[in-house]
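I have placed the structure first, in the form of structure tokens, so that the comments after it can refer back to it.
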Amino acid sequence: MENTTLAHHLLLAGLLFALGLTGVLVRRNLLVVYMCLELMLTAATLALVAFSRFNRTMDGAIFVFFIITVAAAEVAVGLALIVALYRRRGSVKSDELVTLRD
Amino acid sequence: MPDGLFIFFAALTLGAASLLVLSRNAVTSAMGMILALVGVAADFFLLDAYFLGVLQVLVYAGAVMVLFLFVIMLLTDTAESAEGYPWKSAALGLAVFFFLAAGAVWLFVWSGAVPGTAAGATPPELSVNPSVFVTAAKGFGRLLYTKYLLPLEIAGFLLLVALVGVVSLSKDPVDENA
């Protein structure tokens, strides 16, 4: 780990975040969009852990602990919402769920 | 140059994340997501955050992704991708990706805003000072029950709220309207 600097970890986190945002914009399947959102969240936790390690404090790591907790709860509620949406509308494609636009 | 393990796991993570974004099959996307999360967990290990790496694999790559796979297999019809390829949104997404990636490279590599110092010595397993970065899971417990006690209670309450919310959302909508 001697030659891996903070910038390398932040670059990885930034690229992961960019990939996640691209997926949110491009994909039409709500479940894949939701997974890309989770990827953005994970990229942010990676940056937090890197900052925490290189600044030698514990606070960033604790923050990541809470983010993982909240993300688990959020995924459960979000997937329940998507299942409820599917039962009412019969689709999980974002370009078919345009009732408010039309 | 970063060391070999970091390059390997960074390439694995980015490749798996690309699979998640690009694959037209939702199950393949979920597999890419699992691989990307395992890659991030490996990077946590490289950053000496062993507890968070284990937590990432158990909670994210394990529980959360099993939930995702269940719902994907429940809802997604296999006979999709009959309609034309969404070129307009693909072009927009590619533009956004290159904009953000170029921004990240400029900010973190070329601008000099991030100091190029190495991580230094391996952090201790435990330390007298509770706010110093340590590798043992005990360091988490010590802070969670002192400095971060209120956030911990709120997180527990949030999990309870999520539990109740999921139960009420999953009730049959036909029964509610009747």
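We name chains A, B, ... following the order of the structure tokens; residues begin at 1 in each chain, and ligands are numbered from 1 as shown.
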
Given a cut-off of 6 Å, which residues of chain A touch chain B, counting only C-alpha atoms, written out as a ChimeraX atom specification?
-> /A:2-5,7,14-15,18,22-23,25-26,54,56-58,73,77,80

Could you pull out the residues in range 72-151 of chain B that DSSP calls alpha helix (DSSP H) from the backbone, as an MDAnalysis selection string?
-> chainID B and resid 72:75 87:105 138:144 149:151

For those residues, write N, CA, C and O atoms to a file as a short mmCIF file (atom, residue, chain, number, x, y, z; two decimals), in the first residue's frame.
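Wrote it out as out.cif, contents follow:
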data_model
loop_
_atom_site.label_atom_id
_atom_site.label_comp_id
_atom_site.auth_asym_id
_atom_site.auth_seq_id
_atom_site.Cartn_x
_atom_site.Cartn_y
_atom_site.Cartn_z
N ILE B 72 -36.06 -8.95 -9.01
CA ILE B 72 -35.82 -8.97 -10.46
C ILE B 72 -36.44 -10.22 -11.07
O ILE B 72 -37.15 -10.16 -12.08
N MET B 73 -36.22 -11.39 -10.42
CA MET B 73 -36.76 -12.62 -10.99
C MET B 73 -38.27 -12.66 -10.87
O MET B 73 -38.95 -13.32 -11.65
N LEU B 74 -38.82 -11.93 -9.88
CA LEU B 74 -40.28 -11.89 -9.72
C LEU B 74 -40.92 -11.02 -10.79
O LEU B 74 -41.97 -11.37 -11.33
N LEU B 75 -40.31 -9.90 -11.13
CA LEU B 75 -41.00 -8.88 -11.92
C LEU B 75 -40.57 -8.80 -13.37
O LEU B 75 -41.36 -8.45 -14.23
N TRP B 87 -31.04 5.41 -28.41
CA TRP B 87 -29.80 6.10 -28.78
C TRP B 87 -29.68 7.46 -28.12
O TRP B 87 -28.59 7.87 -27.73
N LYS B 88 -30.84 8.15 -27.98
CA LYS B 88 -30.78 9.52 -27.46
C LYS B 88 -30.29 9.52 -26.02
O LYS B 88 -29.36 10.26 -25.66
N SER B 89 -30.87 8.65 -25.19
CA SER B 89 -30.45 8.64 -23.79
C SER B 89 -29.07 8.04 -23.65
O SER B 89 -28.32 8.40 -22.74
N ALA B 90 -28.68 7.11 -24.56
CA ALA B 90 -27.34 6.55 -24.51
C ALA B 90 -26.30 7.63 -24.78
O ALA B 90 -25.27 7.71 -24.10
N ALA B 91 -26.58 8.50 -25.76
CA ALA B 91 -25.65 9.59 -26.06
C ALA B 91 -25.55 10.55 -24.88
O ALA B 91 -24.45 10.96 -24.49
N LEU B 92 -26.72 10.86 -24.28
CA LEU B 92 -26.72 11.74 -23.11
C LEU B 92 -25.90 11.12 -21.98
O LEU B 92 -25.07 11.79 -21.35
N GLY B 93 -26.13 9.82 -21.72
CA GLY B 93 -25.41 9.15 -20.66
C GLY B 93 -23.92 9.13 -20.90
O GLY B 93 -23.12 9.36 -19.99
N LEU B 94 -23.51 8.87 -22.15
CA LEU B 94 -22.09 8.85 -22.48
C LEU B 94 -21.46 10.22 -22.25
O LEU B 94 -20.36 10.34 -21.69
N ALA B 95 -22.19 11.28 -22.64
CA ALA B 95 -21.68 12.63 -22.44
C ALA B 95 -21.51 12.93 -20.96
O ALA B 95 -20.47 13.45 -20.53
N VAL B 96 -22.53 12.55 -20.16
CA VAL B 96 -22.45 12.80 -18.71
C VAL B 96 -21.28 12.02 -18.11
O VAL B 96 -20.52 12.55 -17.28
N PHE B 97 -21.11 10.75 -18.58
CA PHE B 97 -20.03 9.94 -18.02
C PHE B 97 -18.67 10.58 -18.31
O PHE B 97 -17.84 10.71 -17.41
N PHE B 98 -18.45 11.01 -19.57
CA PHE B 98 -17.14 11.56 -19.89
C PHE B 98 -16.91 12.89 -19.20
O PHE B 98 -15.80 13.18 -18.77
N PHE B 99 -18.00 13.67 -19.03
CA PHE B 99 -17.88 14.94 -18.31
C PHE B 99 -17.45 14.68 -16.87
O PHE B 99 -16.47 15.26 -16.38
N LEU B 100 -18.14 13.77 -16.19
CA LEU B 100 -17.83 13.48 -14.79
C LEU B 100 -16.46 12.82 -14.64
O LEU B 100 -15.69 13.16 -13.74
N ALA B 101 -16.14 11.88 -15.56
CA ALA B 101 -14.85 11.19 -15.46
C ALA B 101 -13.70 12.16 -15.68
O ALA B 101 -12.70 12.14 -14.95
N ALA B 102 -13.87 13.06 -16.68
CA ALA B 102 -12.82 14.05 -16.92
C ALA B 102 -12.68 14.97 -15.72
O ALA B 102 -11.56 15.31 -15.30
N GLY B 103 -13.81 15.34 -15.12
CA GLY B 103 -13.77 16.17 -13.93
C GLY B 103 -13.05 15.48 -12.79
O GLY B 103 -12.24 16.10 -12.09
N ALA B 104 -13.33 14.18 -12.59
CA ALA B 104 -12.68 13.43 -11.51
C ALA B 104 -11.18 13.34 -11.75
O ALA B 104 -10.37 13.55 -10.84
N VAL B 105 -10.78 13.05 -12.99
CA VAL B 105 -9.35 12.94 -13.30
C VAL B 105 -8.66 14.28 -13.08
O VAL B 105 -7.59 14.36 -12.46
N LYS B 138 -13.55 -3.47 17.63
CA LYS B 138 -13.78 -2.85 18.92
C LYS B 138 -13.75 -1.33 18.84
O LYS B 138 -14.48 -0.65 19.58
N GLY B 139 -12.93 -0.80 17.93
CA GLY B 139 -12.88 0.64 17.75
C GLY B 139 -14.22 1.22 17.35
O GLY B 139 -14.58 2.32 17.76
N PHE B 140 -14.98 0.45 16.53
CA PHE B 140 -16.32 0.90 16.13
C PHE B 140 -17.25 0.92 17.34
O PHE B 140 -17.95 1.89 17.59
N GLY B 141 -17.25 -0.19 18.09
CA GLY B 141 -18.16 -0.30 19.23
C GLY B 141 -17.92 0.80 20.25
O GLY B 141 -18.86 1.38 20.78
N ARG B 142 -16.65 1.09 20.48
CA ARG B 142 -16.31 2.10 21.48
C ARG B 142 -16.88 3.45 21.11
O ARG B 142 -17.43 4.17 21.94
N LEU B 143 -16.80 3.82 19.81
CA LEU B 143 -17.33 5.12 19.39
C LEU B 143 -18.85 5.09 19.28
O LEU B 143 -19.53 6.07 19.58
N LEU B 144 -19.41 3.95 18.82
CA LEU B 144 -20.85 3.89 18.59
C LEU B 144 -21.62 4.05 19.89
O LEU B 144 -22.74 4.56 19.89
N LEU B 149 -23.84 7.73 20.12
CA LEU B 149 -24.93 6.95 20.71
C LEU B 149 -26.28 7.37 20.13
O LEU B 149 -27.09 6.53 19.76
N LEU B 150 -26.52 8.69 20.02
CA LEU B 150 -27.81 9.16 19.50
C LEU B 150 -28.01 8.74 18.04
O LEU B 150 -29.09 8.22 17.70
N PRO B 151 -27.01 8.94 17.15
CA PRO B 151 -27.20 8.42 15.78
C PRO B 151 -27.46 6.92 15.74
O PRO B 151 -28.26 6.45 14.91
#

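Take CA of Gly53 in chain B and CA of Ala47 in chain A: the distance between them is 13.8 Å.
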
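The coordinates place CA of Arg53 in chain A at 14.5 Å from CA of Ser127 in chain B.
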
Leu35 in chain B proximity check over A:Leu39, A:Ala13, A:Phe63, A:Gly20, using only C-alpha atoms: winner is A:Leu39

Point-to-point distance in Å for CA of Glu125 in chain B and CA of Val70 in chain A |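 Computing it gives 27.0 Å between the two atoms.
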